[in-house]
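Beneath this line is the structure, given in structure tokens, with notes to follow.
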Amino acid sequence: MQTLAELEIGAEAYVSRLDAPPPDAQRLMEMGLTAGAKVRVMRQAPLGDPLEVAVRGCRLSIRRADAQAVILSGDDHV
Amino acid sequence: MSDSRPDGNEAGILHIALAGNPNSGKSTLFNLLTGLRQKVANYPGVTVEKKEGVLRLPEGLEVHVVDLPGAYSLNPRSPDEEIAHDVVLGLRDDTRPLDLLVVVVDASNLERNLFFASQLLGVGRPVVIALNMMDVARAAGFVIDVPSLQLALGVPVVAMAANRGEGVAELRAVIARQLTAPSVPRERIPLSPSVAEIVDVAGEAMVAAGLAKLDWARGEVLRLISSQKALDHRRLAGAPSVRAAVEKARGELAARGVAWHTLEATQRYRWIESVLRRARGQREVSENVTDRLDRVFTHRVLGPAILLAVVFAVFAAIFQLAQYPMDAIQSGFDATGRLALRLLPEGLMQDMLVNGVLAGVGSILVFLPQIMLLFLFLGILEDSGYMARVAFIMDRVMGRVGLHGKAFIPLVSSFACAIPGVMATRTIENARDRLVTILVAPLMCCSARWPVYFLLAGTFIPPVRVFGLIPLPAIIIFAMVVLGVVAAVLMAGVFRRTIARGENPSLILELPPYRMPAFGAVFRVMIERGWVFVKNAGTVILAISIVLWALSAFPRRPGASPSEQIRQSYAGKIGHLIEPVIQPLGFDWKIGVAILASFAAREVFVSSMGTIYGVETADSENPTDLRERLRAEVDPATGAPFFTPLRAVSLMVYYVLAMQCMSTMAAVRRETGGWKWAVFQFAYMGVLAWGASFLVWHGGRWLGFL
């Protein structure tokens, strides 16, 4: 089970589910991280945290601690 | 701003709102639609800007427009989003139910922008979509089939590029058309039959409770099913049947293996994907400008280096450029003072005007150029997209003390002046995060502290060179700056663990594409913010200035020298009264009077000391006379010089930590929506200052310093 925090820079994967408390999960989904969405880690901040993630054509900054709640899969079958 | 002020209470006036994501170009569009016919205020009780204006449509129709704060969703996570939610759903007494929603959508970021738009399509109001930033979308390689998008969304879509003025005329025409023949969009989110069955039963409960109409109830019900906060909202307090129906639907969904709390977002995005498959094509574009810039601006080494350079450049520019207008304001106030001395008969009125009003308000208004320049630069940084990168780079560091990366710039700004720093916290969405940042911002070494440090360190710290290199006074002053930062870090940690505990404040931050700033809008914000400061100076600060003047002017002793007058005044009496409190810090009643007077602004300490010690020329730039006079002051108890290095350090430490600034208090009151936090801040900083100075004075003496 891979999480967004572990995805290599430049690599792509698909969101499988969110392992966060409902209000946080809701906001992550509203920002585009729903099951099946393709995500890509663009880069990390100079001090290693947070990550810049591309999803649905926009760029989001998310802390590694929060990215751990985003469970990934290799394909978009939800 | 104009003679035709927007009025929300007139009968027959139509009300429309602009809604959309942050960075969708909403404000630019609002300015274009309303021109100068707008006014900016705050929503009562919160510091969310309420921007209203008048839109003149063809055929002389006048429409009241409100520019809603940017939001990502109808499920609010910030005060801004709360307001957008309340206005859209017609829950506020101070805004009228909307006749039309103009949803501004960024065409270059269509997928995510359509999420909020899809929620707004389901609130039962007529909608027009302003498909903004078509130029950016084209450059990014998106090909958008507008008629097909319009068909899929079921509402008029106007393609535009507001920053170039493209499509504005058409938008006006479409708004006019929609207002004359309004039609509420029908619900379009397709659900699988088994899910639809359950959801629509709950929808019928909403219809029965009068909260929705049958042909659009589904969208809001989806939101209620997925969000506990939405279901717990006060607007449903009187509709227990809706709550029961939604809870029943949740149970039935769960029984069929459908995760109800993900339902809304999943279904909306699924629908958006299907809409875009039909309406949007994309040709391959190589790496875009934002990516190339980010490769440099967020580079491991270059990123922080550039950030440092930007901060230095901004500060250099502020202090350089602000100097001329500051000198002009200062000499303007001085000249007015001299004029008043000549024209007005000597007496109470003249004294109050010159030494109360002009001196007090003048000592605050000199900071106006610095503040406005700071807002100009902050606006450019924000509008260009660089501010989000600053937050991205600094988040790790700020996260250590429980703050968000976005707190960095407000805190850095506070090194010039805490007022713009406090006002700049508006970009921090989370209310608690913002509060903590506001509470610690005035601990940063603002420019009004320098005259105090220069006077004290320059006069009483021996100018020996440490390691034969750096003068000791410079080291002491530097230590004071560091002390402020350390105190801010510690207090932020304390507040995070006590009064401001709560949900993850900094879950996610958008990194918008870099953009050429809209200088007109930036300039406008600078003027608005500057005006807020001037208004403050004209009200709260004016009042406090007069009070402070009266304390030193009464009781009157005609013919007394200024020094004698202040010594026997109420201020002098208060100085004596508080002497037992400040004696443990090494201060006497004269310092007490100067502390009291410099509540107006910290640098007033220098001129107050001048008055108390009877030195006529206490110029804060070069207070040579005052220095000599203070050096000559003798401690009556010992016969030795009163001002020892230790006493000076204790006094400086006091000025590092104490809230000696009425304008910052006024700004905090405004930004936190009441006196509560301003008073709390005054109190905690006072306790901190007293404690630290006590430790310095007694610790120093115990260690053998004098």
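So you can find residues: chains in the structure tokens are A, B, ... in the order shown, residues in each start at 1, and ligands are numbered from 1 in order.
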Hey, list the chain A side of the contact with chain B: 8 Å cut-off, only C-alpha atoms, answer as a JSON list (two decimals) with C-alpha atoms, in the first residue's frame.
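Produced file out.json, reproduced below:
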```json
[["chain", "number", "residue", "atom", "x", "y", "z"],
["A", 22, "PRO", "CA", -13.94, 13.05, 7.30],
["A", 23, "PRO", "CA", -13.63, 16.88, 7.33],
["A", 24, "ASP", "CA", -10.02, 16.71, 6.09],
["A", 26, "GLN", "CA", -13.68, 16.10, 2.31],
["A", 28, "LEU", "CA", -8.81, 16.92, -0.05],
["A", 29, "MET", "CA", -11.50, 15.49, -2.32],
["A", 30, "GLU", "CA", -12.95, 18.92, -3.06],
["A", 31, "MET", "CA", -9.50, 20.00, -4.19],
["A", 32, "GLY", "CA", -9.58, 17.13, -6.67],
["A", 34, "THR", "CA", -11.05, 11.84, -5.32],
["A", 35, "ALA", "CA", -10.71, 8.12, -5.93],
["A", 45, "ALA", "CA", 10.06, 22.18, -1.00],
["A", 46, "PRO", "CA", 13.71, 23.10, -0.40],
["A", 47, "LEU", "CA", 13.58, 21.73, 3.15],
["A", 48, "GLY", "CA", 11.99, 18.45, 2.02],
["A", 49, "ASP", "CA", 8.46, 19.28, 3.08],
["A", 50, "PRO", "CA", 5.75, 20.05, 1.85],
["A", 56, "ARG", "CA", -6.66, 17.68, -12.29],
["A", 57, "GLY", "CA", -4.51, 20.34, -13.90],
["A", 58, "CYS", "CA", -3.72, 22.32, -10.79],
["A", 59, "ARG", "CA", -0.85, 22.44, -8.35],
["A", 60, "LEU", "CA", -1.28, 21.91, -4.65],
["A", 61, "SER", "CA", 1.10, 22.12, -1.74],
["A", 62, "ILE", "CA", 0.52, 19.40, 0.82],
["A", 63, "ARG", "CA", 2.56, 18.44, 3.87],
["A", 66, "ASP", "CA", -1.11, 14.87, 5.30]]
```
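Residues within 12 Å of Ala5 (chain A), counting only C-alpha atoms and excluding same-chain residues fewer than 4 positions away, are Met1, Ile9, Ala11, Ala13, Val39, Arg40, Val41, Arg43, Gln44, Gly48, Asp49, Pro50, Leu51, Glu52, Val53, Ser61, Ile62, Arg63, Arg64, Ala65, Asp66, Ala67, Gln68, Ala69, Val70, Ile71 and Leu72 of chain A.
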Atoms kept (N, CA and C atoms) for selection, written as an mmCIF file, in the first residue's frame:
```cif
data_model
loop_
_atom_site.group_PDB
_atom_site.id
_atom_site.type_symbol
_atom_site.label_atom_id
_atom_site.label_comp_id
_atom_site.auth_asym_id
_atom_site.auth_seq_id
_atom_site.Cartn_x
_atom_site.Cartn_y
_atom_site.Cartn_z
ATOM 1 N N MET A 1 0.845 -1.203 0.000
ATOM 2 C CA MET A 1 0.000 0.000 0.000
ATOM 3 C C MET A 1 0.875 1.246 0.000
ATOM 4 N N ILE A 9 9.411 11.662 -6.755
ATOM 5 C CA ILE A 9 9.237 12.905 -7.496
ATOM 6 C C ILE A 9 9.229 12.606 -8.982
ATOM 7 N N ALA A 11 6.919 10.864 -10.410
ATOM 8 C CA ALA A 11 6.126 9.663 -10.666
ATOM 9 C C ALA A 11 4.632 9.977 -10.592
ATOM 10 N N ALA A 13 0.542 8.318 -10.112
ATOM 11 C CA ALA A 13 -0.257 7.202 -9.616
ATOM 12 C C ALA A 13 -1.706 7.675 -9.536
ATOM 13 N N VAL A 39 -2.525 11.559 -9.880
ATOM 14 C CA VAL A 39 -1.692 12.522 -9.160
ATOM 15 C C VAL A 39 -0.238 12.346 -9.575
ATOM 16 N N ARG A 40 0.489 13.429 -9.470
ATOM 17 C CA ARG A 40 1.901 13.390 -9.800
ATOM 18 C C ARG A 40 2.632 14.293 -8.822
ATOM 19 N N VAL A 41 3.707 13.820 -8.253
ATOM 20 C CA VAL A 41 4.507 14.659 -7.359
ATOM 21 C C VAL A 41 5.467 15.470 -8.215
ATOM 22 N N ARG A 43 7.501 18.220 -7.145
ATOM 23 C CA ARG A 43 8.757 18.507 -6.458
ATOM 24 C C ARG A 43 8.491 18.576 -4.969
ATOM 25 N N GLN A 44 9.583 18.621 -4.199
ATOM 26 C CA GLN A 44 9.420 18.891 -2.781
ATOM 27 C C GLN A 44 9.999 20.266 -2.482
ATOM 28 N N GLY A 48 12.481 19.832 2.077
ATOM 29 C CA GLY A 48 11.989 18.454 2.024
ATOM 30 C C GLY A 48 10.508 18.302 2.275
ATOM 31 N N ASP A 49 9.873 19.321 2.757
ATOM 32 C CA ASP A 49 8.458 19.278 3.081
ATOM 33 C C ASP A 49 7.925 20.695 2.942
ATOM 34 N N PRO A 50 6.759 20.950 2.426
ATOM 35 C CA PRO A 50 5.753 20.051 1.851
ATOM 36 C C PRO A 50 6.092 19.594 0.418
ATOM 37 N N LEU A 51 5.121 18.881 -0.178
ATOM 38 C CA LEU A 51 5.251 18.408 -1.546
ATOM 39 C C LEU A 51 4.384 19.257 -2.467
ATOM 40 N N GLU A 52 4.837 19.396 -3.710
ATOM 41 C CA GLU A 52 3.967 19.998 -4.714
ATOM 42 C C GLU A 52 3.393 18.882 -5.563
ATOM 43 N N VAL A 53 2.064 18.828 -5.598
ATOM 44 C CA VAL A 53 1.376 17.733 -6.264
ATOM 45 C C VAL A 53 0.513 18.297 -7.380
ATOM 46 N N SER A 61 0.045 22.384 -2.707
ATOM 47 C CA SER A 61 1.099 22.123 -1.738
ATOM 48 C C SER A 61 0.473 21.347 -0.584
ATOM 49 N N ILE A 62 1.079 20.223 -0.252
ATOM 50 C CA ILE A 62 0.522 19.397 0.819
ATOM 51 C C ILE A 62 1.664 18.850 1.657
ATOM 52 N N ARG A 63 1.507 18.931 2.981
ATOM 53 C CA ARG A 63 2.561 18.439 3.867
ATOM 54 C C ARG A 63 2.652 16.914 3.785
ATOM 55 N N ARG A 64 3.858 16.408 3.982
ATOM 56 C CA ARG A 64 4.063 14.955 3.921
ATOM 57 C C ARG A 64 3.152 14.221 4.909
ATOM 58 N N ALA A 65 2.999 14.807 6.093
ATOM 59 C CA ALA A 65 2.167 14.159 7.107
ATOM 60 C C ALA A 65 0.740 13.970 6.593
ATOM 61 N N ASP A 66 0.247 14.963 5.842
ATOM 62 C CA ASP A 66 -1.109 14.865 5.303
ATOM 63 C C ASP A 66 -1.146 13.984 4.062
ATOM 64 N N ALA A 67 -0.035 14.004 3.293
ATOM 65 C CA ALA A 67 0.025 13.190 2.073
ATOM 66 C C ALA A 67 -0.017 11.700 2.410
ATOM 67 N N GLN A 68 0.372 11.364 3.627
ATOM 68 C CA GLN A 68 0.327 9.960 4.048
ATOM 69 C C GLN A 68 -1.093 9.413 4.101
ATOM 70 N N ALA A 69 -2.063 10.344 4.181
ATOM 71 C CA ALA A 69 -3.454 9.898 4.236
ATOM 72 C C ALA A 69 -4.000 9.575 2.853
ATOM 73 N N VAL A 70 -3.257 9.923 1.814
ATOM 74 C CA VAL A 70 -3.727 9.673 0.448
ATOM 75 C C VAL A 70 -3.156 8.334 -0.020
ATOM 76 N N ILE A 71 -4.018 7.328 -0.043
ATOM 77 C CA ILE A 71 -3.589 5.979 -0.431
ATOM 78 C C ILE A 71 -3.689 5.850 -1.954
ATOM 79 N N LEU A 72 -2.638 5.329 -2.556
ATOM 80 C CA LEU A 72 -2.564 5.294 -4.024
ATOM 81 C C LEU A 72 -2.701 3.880 -4.559
#
```
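Residue neighbourhood of region 306-321 of chain B, excluding near-sequence residues (fewer than 4 positions): Val296, Phe297, Thr298, Val301, Leu302, Pro325, Pro369, Gln370, Ile371, Leu373, Leu374, Phe377, Val390, Ile393, Ile409, Val412, Ser413, Phe415 and Ala416 of chain B, at 9 Å, using only C-alpha atoms.
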Since we have the selection now, will you write its residues out, keeping C-alpha atoms, as an mmCIF file, in the first residue's frame?
```
data_model
loop_
_atom_site.group_PDB
_atom_site.id
_atom_site.type_symbol
_atom_site.label_atom_id
_atom_site.label_comp_id
_atom_site.auth_asym_id
_atom_site.auth_seq_id
_atom_site.Cartn_x
_atom_site.Cartn_y
_atom_site.Cartn_z
ATOM 1 C CA VAL B 296 14.228 28.252 -10.158
ATOM 2 C CA PHE B 297 12.002 29.841 -7.505
ATOM 3 C CA THR B 298 11.510 26.659 -5.495
ATOM 4 C CA VAL B 301 19.381 26.340 -3.050
ATOM 5 C CA LEU B 302 18.204 29.110 -5.372
ATOM 6 C CA PRO B 325 7.385 61.206 1.907
ATOM 7 C CA PRO B 369 4.342 55.834 3.380
ATOM 8 C CA GLN B 370 6.043 52.727 4.797
ATOM 9 C CA ILE B 371 2.715 51.040 5.281
ATOM 10 C CA LEU B 373 4.661 50.758 0.143
ATOM 11 C CA LEU B 374 4.543 47.530 2.084
ATOM 12 C CA PHE B 377 4.810 45.055 -2.516
ATOM 13 C CA VAL B 390 7.027 31.758 -0.168
ATOM 14 C CA ILE B 393 9.341 27.250 0.898
ATOM 15 C CA ILE B 409 5.316 37.250 5.114
ATOM 16 C CA VAL B 412 8.517 39.597 8.097
ATOM 17 C CA SER B 413 6.416 42.662 7.244
ATOM 18 C CA PHE B 415 9.846 44.156 10.932
ATOM 19 C CA ALA B 416 8.853 47.342 9.161
#
```
> Taking into account only C-alpha atoms, which residue in the set B:Gly53, B:Ser274, B:Asp93, B:Leu14 is nearest to Leu114 (chain B)?
Replying inline: B:Ser274
> So which bits of region 476-518 of chain B end up helix (DSSP H, G or I) when you DSSP the backbone, as a ChimeraX atom specification?
Replying inline: /B:476-497
Output of the above residues as a PDB file, in the first residue's frame, restricted to N, CA and C atoms:
```
ATOM      1  N   ILE B 476      24.305  44.416  21.197  1.00  0.00           N
ATOM      2  CA  ILE B 476      23.150  44.477  22.095  1.00  0.00           C
ATOM      3  C   ILE B 476      21.863  44.709  21.305  1.00  0.00           C
ATOM      4  N   ILE B 477      21.906  45.638  20.337  1.00  0.00           N
ATOM      5  CA  ILE B 477      20.707  45.914  19.534  1.00  0.00           C
ATOM      6  C   ILE B 477      20.309  44.666  18.748  1.00  0.00           C
ATOM      7  N   PHE B 478      21.302  44.003  18.166  1.00  0.00           N
ATOM      8  CA  PHE B 478      21.008  42.771  17.435  1.00  0.00           C
ATOM      9  C   PHE B 478      20.351  41.738  18.356  1.00  0.00           C
ATOM     10  N   ALA B 479      20.870  41.660  19.582  1.00  0.00           N
ATOM     11  CA  ALA B 479      20.298  40.716  20.544  1.00  0.00           C
ATOM     12  C   ALA B 479      18.827  41.044  20.819  1.00  0.00           C
ATOM     13  N   MET B 480      18.492  42.332  20.814  1.00  0.00           N
ATOM     14  CA  MET B 480      17.102  42.732  21.043  1.00  0.00           C
ATOM     15  C   MET B 480      16.206  42.239  19.899  1.00  0.00           C
ATOM     16  N   VAL B 481      16.712  42.369  18.661  1.00  0.00           N
ATOM     17  CA  VAL B 481      15.952  41.902  17.496  1.00  0.00           C
ATOM     18  C   VAL B 481      15.720  40.392  17.614  1.00  0.00           C
ATOM     19  N   VAL B 482      16.792  39.669  17.972  1.00  0.00           N
ATOM     20  CA  VAL B 482      16.690  38.213  18.107  1.00  0.00           C
ATOM     21  C   VAL B 482      15.717  37.852  19.229  1.00  0.00           C
ATOM     22  N   LEU B 483      15.789  38.616  20.323  1.00  0.00           N
ATOM     23  CA  LEU B 483      14.898  38.338  21.445  1.00  0.00           C
ATOM     24  C   LEU B 483      13.429  38.408  21.008  1.00  0.00           C
ATOM     25  N   GLY B 484      13.105  39.408  20.179  1.00  0.00           N
ATOM     26  CA  GLY B 484      11.733  39.533  19.684  1.00  0.00           C
ATOM     27  C   GLY B 484      11.311  38.305  18.887  1.00  0.00           C
ATOM     28  N   VAL B 485      12.199  37.836  18.004  1.00  0.00           N
ATOM     29  CA  VAL B 485      11.881  36.670  17.179  1.00  0.00           C
ATOM     30  C   VAL B 485      11.698  35.434  18.058  1.00  0.00           C
ATOM     31  N   VAL B 486      12.639  35.253  19.004  1.00  0.00           N
ATOM     32  CA  VAL B 486      12.561  34.090  19.896  1.00  0.00           C
ATOM     33  C   VAL B 486      11.256  34.127  20.689  1.00  0.00           C
ATOM     34  N   ALA B 487      10.912  35.303  21.197  1.00  0.00           N
ATOM     35  CA  ALA B 487       9.672  35.423  21.969  1.00  0.00           C
ATOM     36  C   ALA B 487       8.468  35.086  21.100  1.00  0.00           C
ATOM     37  N   ALA B 488       8.490  35.546  19.840  1.00  0.00           N
ATOM     38  CA  ALA B 488       7.371  35.260  18.932  1.00  0.00           C
ATOM     39  C   ALA B 488       7.235  33.759  18.698  1.00  0.00           C
ATOM     40  N   VAL B 489       8.373  33.105  18.480  1.00  0.00           N
ATOM     41  CA  VAL B 489       8.360  31.655  18.234  1.00  0.00           C
ATOM     42  C   VAL B 489       7.804  30.918  19.455  1.00  0.00           C
ATOM     43  N   LEU B 490       8.318  31.285  20.626  1.00  0.00           N
ATOM     44  CA  LEU B 490       7.870  30.607  21.854  1.00  0.00           C
ATOM     45  C   LEU B 490       6.382  30.844  22.091  1.00  0.00           C
ATOM     46  N   MET B 491       5.954  32.097  21.949  1.00  0.00           N
ATOM     47  CA  MET B 491       4.555  32.401  22.242  1.00  0.00           C
ATOM     48  C   MET B 491       3.630  31.743  21.223  1.00  0.00           C
ATOM     49  N   ALA B 492       4.066  31.670  19.962  1.00  0.00           N
ATOM     50  CA  ALA B 492       3.252  30.978  18.947  1.00  0.00           C
ATOM     51  C   ALA B 492       3.046  29.531  19.371  1.00  0.00           C
ATOM     52  N   GLY B 493       4.127  28.900  19.853  1.00  0.00           N
ATOM     53  CA  GLY B 493       4.021  27.523  20.322  1.00  0.00           C
ATOM     54  C   GLY B 493       3.054  27.407  21.494  1.00  0.00           C
ATOM     55  N   VAL B 494       3.141  28.364  22.408  1.00  0.00           N
ATOM     56  CA  VAL B 494       2.258  28.338  23.581  1.00  0.00           C
ATOM     57  C   VAL B 494       0.798  28.502  23.159  1.00  0.00           C
ATOM     58  N   PHE B 495       0.534  29.489  22.287  1.00  0.00           N
ATOM     59  CA  PHE B 495      -0.848  29.744  21.876  1.00  0.00           C
ATOM     60  C   PHE B 495      -1.437  28.556  21.116  1.00  0.00           C
ATOM     61  N   ARG B 496      -0.592  27.939  20.271  1.00  0.00           N
ATOM     62  CA  ARG B 496      -1.056  26.777  19.521  1.00  0.00           C
ATOM     63  C   ARG B 496      -1.502  25.647  20.446  1.00  0.00           C
ATOM     64  N   ARG B 497      -0.826  25.542  21.590  1.00  0.00           N
ATOM     65  CA  ARG B 497      -1.151  24.447  22.513  1.00  0.00           C
ATOM     66  C   ARG B 497      -2.243  24.826  23.503  1.00  0.00           C
TER      67      ARG B 497
END
```
> Hey, what's within 12 Å of Val547 (chain B) if we count only C-alpha atoms and toss same-chain stuff fewer than 2 positions away? As a list in words, please?
Replying inline: Met352, Asn355, Gly356, Val357, Gly360, Val540, Ile541, Leu542, Ala543, Ile544, Ser545, Trp549, Ala550, Leu551, Ser552, Ala553, Phe554, Tyr570, Ala571, Leu596, Ala597, Phe599 and Ala600 of chain B
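Here CA of Arg602 (chain B) is placed at a distance of 12.2 Å from CA of Leu455 (chain B).
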> What's the 8 Å shell around Glu429 (chain B), counting only C-alpha atoms, without same-chain residues fewer than 4 positions away, as a PyMOL selection string?
Replying inline: chain B and resi 77-80+433-434
>> Can you tell me which residues surround region 664-673 of chain B at a distance of at most 10 Å, considering only C-alpha atoms, apart from same-chain residues fewer than 2 positions away, and format the answer as a ChimeraX atom specification?
In response: /B:42-48,417-426,431,434-435,438-439,441-442,532-533,536-537,539-541,600-601,659-662,675-679,681-682
Residues from last step as file, C-alpha atoms, as an mmCIF file, in the first residue's frame:
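Writing the result to selection_13.cif gives the following:
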```cif
data_model
loop_
_atom_site.group_PDB
_atom_site.id
_atom_site.type_symbol
_atom_site.label_atom_id
_atom_site.label_comp_id
_atom_site.auth_asym_id
_atom_site.auth_seq_id
_atom_site.Cartn_x
_atom_site.Cartn_y
_atom_site.Cartn_z
ATOM 1 C CA ASN B 42 -16.199 44.463 6.460
ATOM 2 C CA TYR B 43 -18.929 41.964 7.114
ATOM 3 C CA PRO B 44 -20.016 42.692 10.687
ATOM 4 C CA GLY B 45 -18.126 40.692 13.278
ATOM 5 C CA VAL B 46 -15.604 39.116 10.917
ATOM 6 C CA THR B 47 -12.694 40.458 8.928
ATOM 7 C CA VAL B 48 -13.877 39.404 5.564
ATOM 8 C CA CYS B 417 5.597 47.874 11.003
ATOM 9 C CA ALA B 418 3.204 45.528 12.750
ATOM 10 C CA ILE B 419 0.121 47.231 11.309
ATOM 11 C CA PRO B 420 0.530 46.009 7.713
ATOM 12 C CA GLY B 421 1.806 42.742 9.193
ATOM 13 C CA VAL B 422 -1.422 42.293 11.102
ATOM 14 C CA MET B 423 -3.488 43.306 8.082
ATOM 15 C CA ALA B 424 -1.515 40.974 5.804
ATOM 16 C CA THR B 425 -2.645 37.975 7.869
ATOM 17 C CA ARG B 426 -5.854 38.120 5.854
ATOM 18 C CA ALA B 431 -9.003 31.602 11.635
ATOM 19 C CA ARG B 434 -4.401 33.825 11.680
ATOM 20 C CA LEU B 435 -5.094 34.707 15.298
ATOM 21 C CA ILE B 438 -1.639 38.393 14.749
ATOM 22 C CA LEU B 439 -0.871 37.813 18.420
ATOM 23 C CA ALA B 441 3.425 39.829 15.003
ATOM 24 C CA PRO B 442 4.075 42.928 17.198
ATOM 25 C CA VAL B 532 -8.116 52.342 6.687
ATOM 26 C CA PHE B 533 -4.931 53.336 8.496
ATOM 27 C CA ASN B 536 -7.793 54.819 12.355
ATOM 28 C CA ALA B 537 -5.421 57.708 12.892
ATOM 29 C CA THR B 539 -10.491 58.254 15.215
ATOM 30 C CA VAL B 540 -9.030 55.872 17.779
ATOM 31 C CA ILE B 541 -5.531 57.288 17.594
ATOM 32 C CA ALA B 600 1.176 56.509 21.283
ATOM 33 C CA ALA B 601 4.131 55.049 19.377
ATOM 34 C CA MET B 659 2.707 46.430 23.371
ATOM 35 C CA GLN B 660 3.618 50.095 23.258
ATOM 36 C CA CYS B 661 1.613 50.968 20.185
ATOM 37 C CA MET B 662 -1.955 52.196 20.100
ATOM 38 C CA TRP B 675 -11.349 44.564 21.591
ATOM 39 C CA LYS B 676 -11.076 41.127 23.208
ATOM 40 C CA TRP B 677 -7.918 39.944 21.448
ATOM 41 C CA ALA B 678 -6.344 43.389 21.348
ATOM 42 C CA VAL B 679 -6.674 43.615 25.125
ATOM 43 C CA GLN B 681 -2.427 40.826 23.459
ATOM 44 C CA PHE B 682 -1.725 44.001 25.405
#
```
What's the 12 Å shell around Ala328 (chain B), counting only C-alpha atoms, without same-chain residues fewer than 3 positions away, as a CSV table (one decimal) with N, CA and C atoms, in the first residue's frame?
```
chain,number,residue,atom,x,y,z
B,322,ALA,N,10.4,55.3,1.2
B,322,ALA,CA,9.5,55.9,2.2
B,322,ALA,C,10.1,57.1,2.9
B,323,GLN,N,11.4,57.2,2.8
B,323,GLN,CA,12.1,58.3,3.6
B,323,GLN,C,11.6,59.7,3.1
B,324,TYR,N,11.5,59.9,1.8
B,324,TYR,CA,11.1,61.2,1.3
B,324,TYR,C,9.7,61.6,1.8
B,325,PRO,N,8.7,60.8,1.4
B,325,PRO,CA,7.4,61.2,1.9
B,325,PRO,C,7.3,61.3,3.4
B,331,SER,N,7.7,67.2,8.2
B,331,SER,CA,7.9,68.6,8.2
B,331,SER,C,6.6,69.3,8.0
B,332,GLY,N,5.6,68.6,7.3
B,332,GLY,CA,4.3,69.2,7.1
B,332,GLY,C,3.6,69.4,8.5
B,333,PHE,N,3.7,68.3,9.3
B,333,PHE,CA,3.2,68.4,10.7
B,333,PHE,C,3.9,69.5,11.5
B,334,ASP,N,5.2,69.5,11.4
B,334,ASP,CA,6.0,70.5,12.1
B,334,ASP,C,5.6,71.9,11.7
B,335,ALA,N,5.4,72.1,10.4
B,335,ALA,CA,5.1,73.5,9.9
B,335,ALA,C,3.7,73.8,10.4
B,336,THR,N,2.8,72.9,10.3
B,336,THR,CA,1.4,73.1,10.8
B,336,THR,C,1.4,73.5,12.2
B,362,GLY,N,0.6,63.0,14.2
B,362,GLY,CA,1.7,63.1,13.3
B,362,GLY,C,2.7,61.9,13.5
B,365,LEU,N,1.1,59.1,11.6
B,365,LEU,CA,0.9,59.2,10.2
B,365,LEU,C,2.2,59.2,9.4
B,366,VAL,N,3.4,59.5,10.1
B,366,VAL,CA,4.6,59.4,9.4
B,366,VAL,C,4.9,58.0,8.9
B,367,PHE,N,4.2,57.0,9.5
B,367,PHE,CA,4.4,55.6,9.0
B,367,PHE,C,3.6,55.3,7.8
B,368,LEU,N,2.7,56.2,7.4
B,368,LEU,CA,1.8,55.9,6.3
B,368,LEU,C,2.6,55.5,5.0
B,369,PRO,N,3.6,56.3,4.6
B,369,PRO,CA,4.3,55.8,3.4
B,369,PRO,C,4.9,54.4,3.5
```
>> Taking the DSSP secondary structure from the backbone, can you list the residues of region 156-269 of chain B that are strand (DSSP E or B), as a count of residues only?
In response: 5
